[in-house]
Amino acid sequence: MTDKLTNSELRRVASLSGDERYDYFVEKIVEWGEVWSLYSDDGWVGVTSQDGEECLPVWPHRDFAAEWVSGEWADCTPTAISLEVWVERWIPGMEKDGTLLAVFPNGEGEGVVVTPDELLASIEACC
């Protein structure tokens with residue numbers, strides 16, 4: 001993973017459409033080998049989609065996840081999960097549990113909601 005993203009890169013990527021951020025997410029997690037989410041003393045953070053579905057929010061880089069550490073999530077820490085562990089353990093576990101993913105939500109909370117298997121297919125088709 002790259003250490004720190006520039007402000008211009010953060011703004012550029014944040015302004016992309018949901019589908020474009022999804023493609024960026026898949027490309028970068030494959031390139032950098034990590035998936036990022038938020039963790040607190042209560043466990044992994046969940047969000048509710050516009051359709052009322054509970055989802056695990058994920059980002060391709062610590063800096064994108066860190067932008068969500070405020071307000072009710074001020075006690076959260078951006079936490080990396082290696083792509084290998086993500087694919088081998090998290091995806092099967094989330095699929096079994098019926099957990100959905102909110103991929104790369106932006107400042108308005110808009111992200112692409114997918115099943116773990118849909119994300120796995122994107123990862124396998126990437127690059």
# chains A, B, ... in the order shown; residues from 1 in each chain; ligands from 1
>>> residues_around(residues="Thr115 in chain A", least_positions_apart="3", cutoff="8 Å", atoms="only C-alpha atoms", output="list of chain:residue names")
A:Glu95, A:Thr99, A:Leu100, A:Leu101, A:Glu118, A:Leu119
>>> residues_around(residues="range 27-44 of chain A", least_positions_apart="5", cutoff="12 Å", atoms="only C-alpha atoms", output="PyMOL selection string")
chain A and resi 1-3+13+20-22+55-70+72-87+90-91+101-105+119-120+122-127
>>> write_last_selection(atoms="C-alpha atoms", output="short mmCIF file (atom, residue, chain, number, x, y, z; two decimals), in the first residue's frame")
data_model
loop_
_atom_site.label_atom_id
_atom_site.label_comp_id
_atom_site.auth_asym_id
_atom_site.auth_seq_id
_atom_site.Cartn_x
_atom_site.Cartn_y
_atom_site.Cartn_z
CA MET A 1 0.00 0.00 0.00
CA THR A 2 1.08 3.52 -0.60
CA ASP A 3 1.74 5.35 2.67
CA VAL A 13 -11.31 9.85 -6.20
CA GLU A 20 -16.10 4.42 -10.69
CA ARG A 21 -15.16 4.30 -6.99
CA TYR A 22 -16.05 0.58 -6.98
CA CYS A 55 -23.57 -3.51 5.43
CA LEU A 56 -19.89 -3.52 6.32
CA PRO A 57 -18.30 -0.37 4.83
CA VAL A 58 -14.94 -0.94 3.11
CA TRP A 59 -12.34 1.32 1.49
CA PRO A 60 -9.14 0.74 -0.49
CA HIS A 61 -6.89 2.91 1.71
CA ARG A 62 -6.54 4.06 5.29
CA ASP A 63 -6.96 7.73 4.30
CA PHE A 64 -10.44 7.16 2.83
CA ALA A 65 -11.58 5.19 5.89
CA ALA A 66 -10.08 7.83 8.22
CA GLU A 67 -12.39 10.47 6.77
CA TRP A 68 -15.27 8.63 8.50
CA VAL A 69 -13.67 8.77 11.95
CA SER A 70 -15.81 11.54 13.46
CA GLU A 72 -20.63 8.77 16.32
CA TRP A 73 -17.58 6.97 14.92
CA ALA A 74 -14.95 9.16 16.60
CA ASP A 75 -13.77 6.16 18.64
CA CYS A 76 -13.16 4.03 15.54
CA THR A 77 -9.81 3.11 14.06
CA PRO A 78 -9.19 2.49 10.35
CA THR A 79 -8.06 -1.12 10.29
CA ALA A 80 -6.50 -3.11 7.45
CA ILE A 81 -7.35 -6.67 6.51
CA SER A 82 -4.89 -8.35 4.19
CA LEU A 83 -6.40 -9.27 0.84
CA GLU A 84 -5.33 -12.88 1.33
CA VAL A 85 -7.21 -13.13 4.65
CA TRP A 86 -10.13 -11.18 3.15
CA VAL A 87 -10.52 -13.67 0.30
CA TRP A 90 -13.82 -12.95 5.39
CA ILE A 91 -15.65 -13.48 2.09
CA LEU A 101 -20.68 -4.75 1.69
CA ALA A 102 -20.94 -0.99 1.21
CA VAL A 103 -17.97 -0.52 -1.10
CA PHE A 104 -16.21 2.83 -0.84
CA PRO A 105 -18.97 5.03 0.55
CA LEU A 119 -16.89 -8.60 -4.82
CA LEU A 120 -14.87 -11.82 -5.07
CA SER A 122 -14.66 -8.56 -9.34
CA ILE A 123 -11.37 -9.26 -7.58
CA GLU A 124 -10.79 -12.41 -9.62
CA ALA A 125 -11.62 -10.58 -12.86
CA CYS A 126 -9.39 -7.64 -12.03
CA CYS A 127 -6.22 -6.65 -13.69
#
>>> select_by_dssp(residues="chain A", states="strand (DSSP E)", output="ChimeraX atom specification")
/A:34-40,43-44,47-48,54-58,77-82,100-103,112-114
>>> write_last_selection(atoms="N, CA, C and O atoms", output="short mmCIF file (atom, residue, chain, number, x, y, z; two decimals), in the first residue's frame")
data_model
loop_
_atom_site.label_atom_id
_atom_site.label_comp_id
_atom_site.auth_asym_id
_atom_site.auth_seq_id
_atom_site.Cartn_x
_atom_site.Cartn_y
_atom_site.Cartn_z
N GLU A 34 -4.69 -4.89 0.46
CA GLU A 34 -5.40 -4.64 1.72
C GLU A 34 -6.81 -4.10 1.46
O GLU A 34 -7.05 -3.41 0.48
N VAL A 35 -7.69 -4.44 2.39
CA VAL A 35 -9.03 -3.88 2.45
C VAL A 35 -9.11 -3.16 3.80
O VAL A 35 -8.62 -3.67 4.80
N TRP A 36 -9.71 -1.97 3.81
CA TRP A 36 -9.81 -1.18 5.04
C TRP A 36 -11.25 -1.02 5.48
O TRP A 36 -12.15 -0.83 4.66
N SER A 37 -11.47 -1.11 6.79
CA SER A 37 -12.77 -0.82 7.38
C SER A 37 -12.53 -0.13 8.71
O SER A 37 -11.39 0.22 9.03
N LEU A 38 -13.58 0.08 9.47
CA LEU A 38 -13.47 0.78 10.75
C LEU A 38 -13.78 -0.18 11.89
O LEU A 38 -14.76 -0.93 11.84
N TYR A 39 -12.96 -0.11 12.93
CA TYR A 39 -13.10 -0.98 14.08
C TYR A 39 -13.15 -0.13 15.34
O TYR A 39 -12.42 0.87 15.45
N SER A 40 -13.99 -0.52 16.29
CA SER A 40 -14.06 0.15 17.58
C SER A 40 -14.07 -0.90 18.68
O SER A 40 -14.03 -2.10 18.39
N GLY A 43 -16.51 -3.54 18.07
CA GLY A 43 -16.35 -4.41 16.90
C GLY A 43 -16.33 -3.62 15.62
O GLY A 43 -16.14 -2.40 15.61
N TRP A 44 -16.55 -4.30 14.53
CA TRP A 44 -16.54 -3.67 13.20
C TRP A 44 -17.79 -2.81 13.04
O TRP A 44 -18.87 -3.19 13.45
N VAL A 47 -23.05 -0.03 8.51
CA VAL A 47 -23.87 1.07 8.00
C VAL A 47 -25.15 0.48 7.43
O VAL A 47 -25.21 -0.71 7.12
N THR A 48 -26.15 1.33 7.28
CA THR A 48 -27.41 0.90 6.70
C THR A 48 -27.53 1.51 5.31
O THR A 48 -27.36 2.73 5.15
N GLU A 54 -28.20 -3.86 6.26
CA GLU A 54 -27.00 -3.67 7.06
C GLU A 54 -25.78 -4.11 6.26
O GLU A 54 -25.78 -5.19 5.67
N CYS A 55 -24.76 -3.26 6.25
CA CYS A 55 -23.57 -3.51 5.43
C CYS A 55 -22.30 -3.19 6.21
O CYS A 55 -22.30 -2.33 7.09
N LEU A 56 -21.23 -3.85 5.84
CA LEU A 56 -19.89 -3.52 6.32
C LEU A 56 -19.29 -2.54 5.32
O LEU A 56 -19.15 -2.88 4.14
N PRO A 57 -18.93 -1.31 5.77
CA PRO A 57 -18.30 -0.37 4.83
C PRO A 57 -16.82 -0.72 4.65
O PRO A 57 -16.14 -1.07 5.61
N VAL A 58 -16.34 -0.63 3.42
CA VAL A 58 -14.94 -0.94 3.11
C VAL A 58 -14.37 0.10 2.16
O VAL A 58 -15.09 0.65 1.32
N THR A 77 -11.16 3.12 14.63
CA THR A 77 -9.81 3.11 14.06
C THR A 77 -9.86 2.47 12.68
O THR A 77 -10.40 1.36 12.54
N PRO A 78 -9.31 3.16 11.65
CA PRO A 78 -9.19 2.49 10.35
C PRO A 78 -8.28 1.27 10.52
O PRO A 78 -7.19 1.37 11.08
N THR A 79 -8.77 0.13 10.07
CA THR A 79 -8.06 -1.12 10.29
C THR A 79 -7.96 -1.89 8.98
O THR A 79 -8.96 -2.06 8.27
N ALA A 80 -6.75 -2.37 8.69
CA ALA A 80 -6.50 -3.11 7.45
C ALA A 80 -6.73 -4.60 7.64
O ALA A 80 -6.46 -5.15 8.72
N ILE A 81 -7.22 -5.22 6.59
CA ILE A 81 -7.35 -6.67 6.51
C ILE A 81 -6.60 -7.07 5.24
O ILE A 81 -6.86 -6.53 4.17
N SER A 82 -5.65 -7.97 5.38
CA SER A 82 -4.89 -8.35 4.19
C SER A 82 -5.83 -8.98 3.16
O SER A 82 -6.81 -9.65 3.52
N LEU A 100 -23.72 -7.91 3.75
CA LEU A 100 -23.48 -7.18 2.52
C LEU A 100 -22.34 -6.19 2.73
O LEU A 100 -21.99 -5.87 3.86
N LEU A 101 -21.79 -5.70 1.63
CA LEU A 101 -20.68 -4.75 1.69
C LEU A 101 -21.11 -3.42 1.08
O LEU A 101 -21.72 -3.40 0.01
N ALA A 102 -20.78 -2.34 1.76
CA ALA A 102 -20.94 -0.99 1.21
C ALA A 102 -19.55 -0.59 0.74
O ALA A 102 -18.68 -0.23 1.55
N VAL A 103 -19.30 -0.73 -0.55
CA VAL A 103 -17.97 -0.52 -1.10
C VAL A 103 -17.73 0.96 -1.35
O VAL A 103 -18.46 1.60 -2.11
N VAL A 112 -21.42 1.49 -3.33
CA VAL A 112 -22.03 0.40 -4.09
C VAL A 112 -22.22 -0.78 -3.14
O VAL A 112 -21.26 -1.22 -2.50
N VAL A 113 -23.44 -1.27 -3.04
CA VAL A 113 -23.75 -2.40 -2.16
C VAL A 113 -23.68 -3.68 -2.97
O VAL A 113 -24.34 -3.81 -4.01
N VAL A 114 -22.84 -4.61 -2.50
CA VAL A 114 -22.66 -5.90 -3.19
C VAL A 114 -22.58 -7.02 -2.17
O VAL A 114 -22.33 -6.79 -0.98
#
>>> atom_distance(atom1="CA of Ser49 in chain A", atom2="CA of Asn7 in chain A")
27.4 Å
>>> atom_distance(atom1="CA of Gly71 in chain A", atom2="CA of Arg12 in chain A")
24.1 Å
>>> atom_distance(atom1="CA of Pro116 in chain A", atom2="CA of Pro92 in chain A")
7.6 Å
>>> select_by_dssp(residues="chain A", states="alpha helix (DSSP H)", output="number ranges by chain")
A: 7-14, 18-32, 62-66, 83-85, 91-97, 116-125
>>> closest_residue(among="A:Glu110, A:Asp97, A:Glu88, A:Glu53", to="Ser15 in chain A", atoms="only C-alpha atoms")
A:Glu110
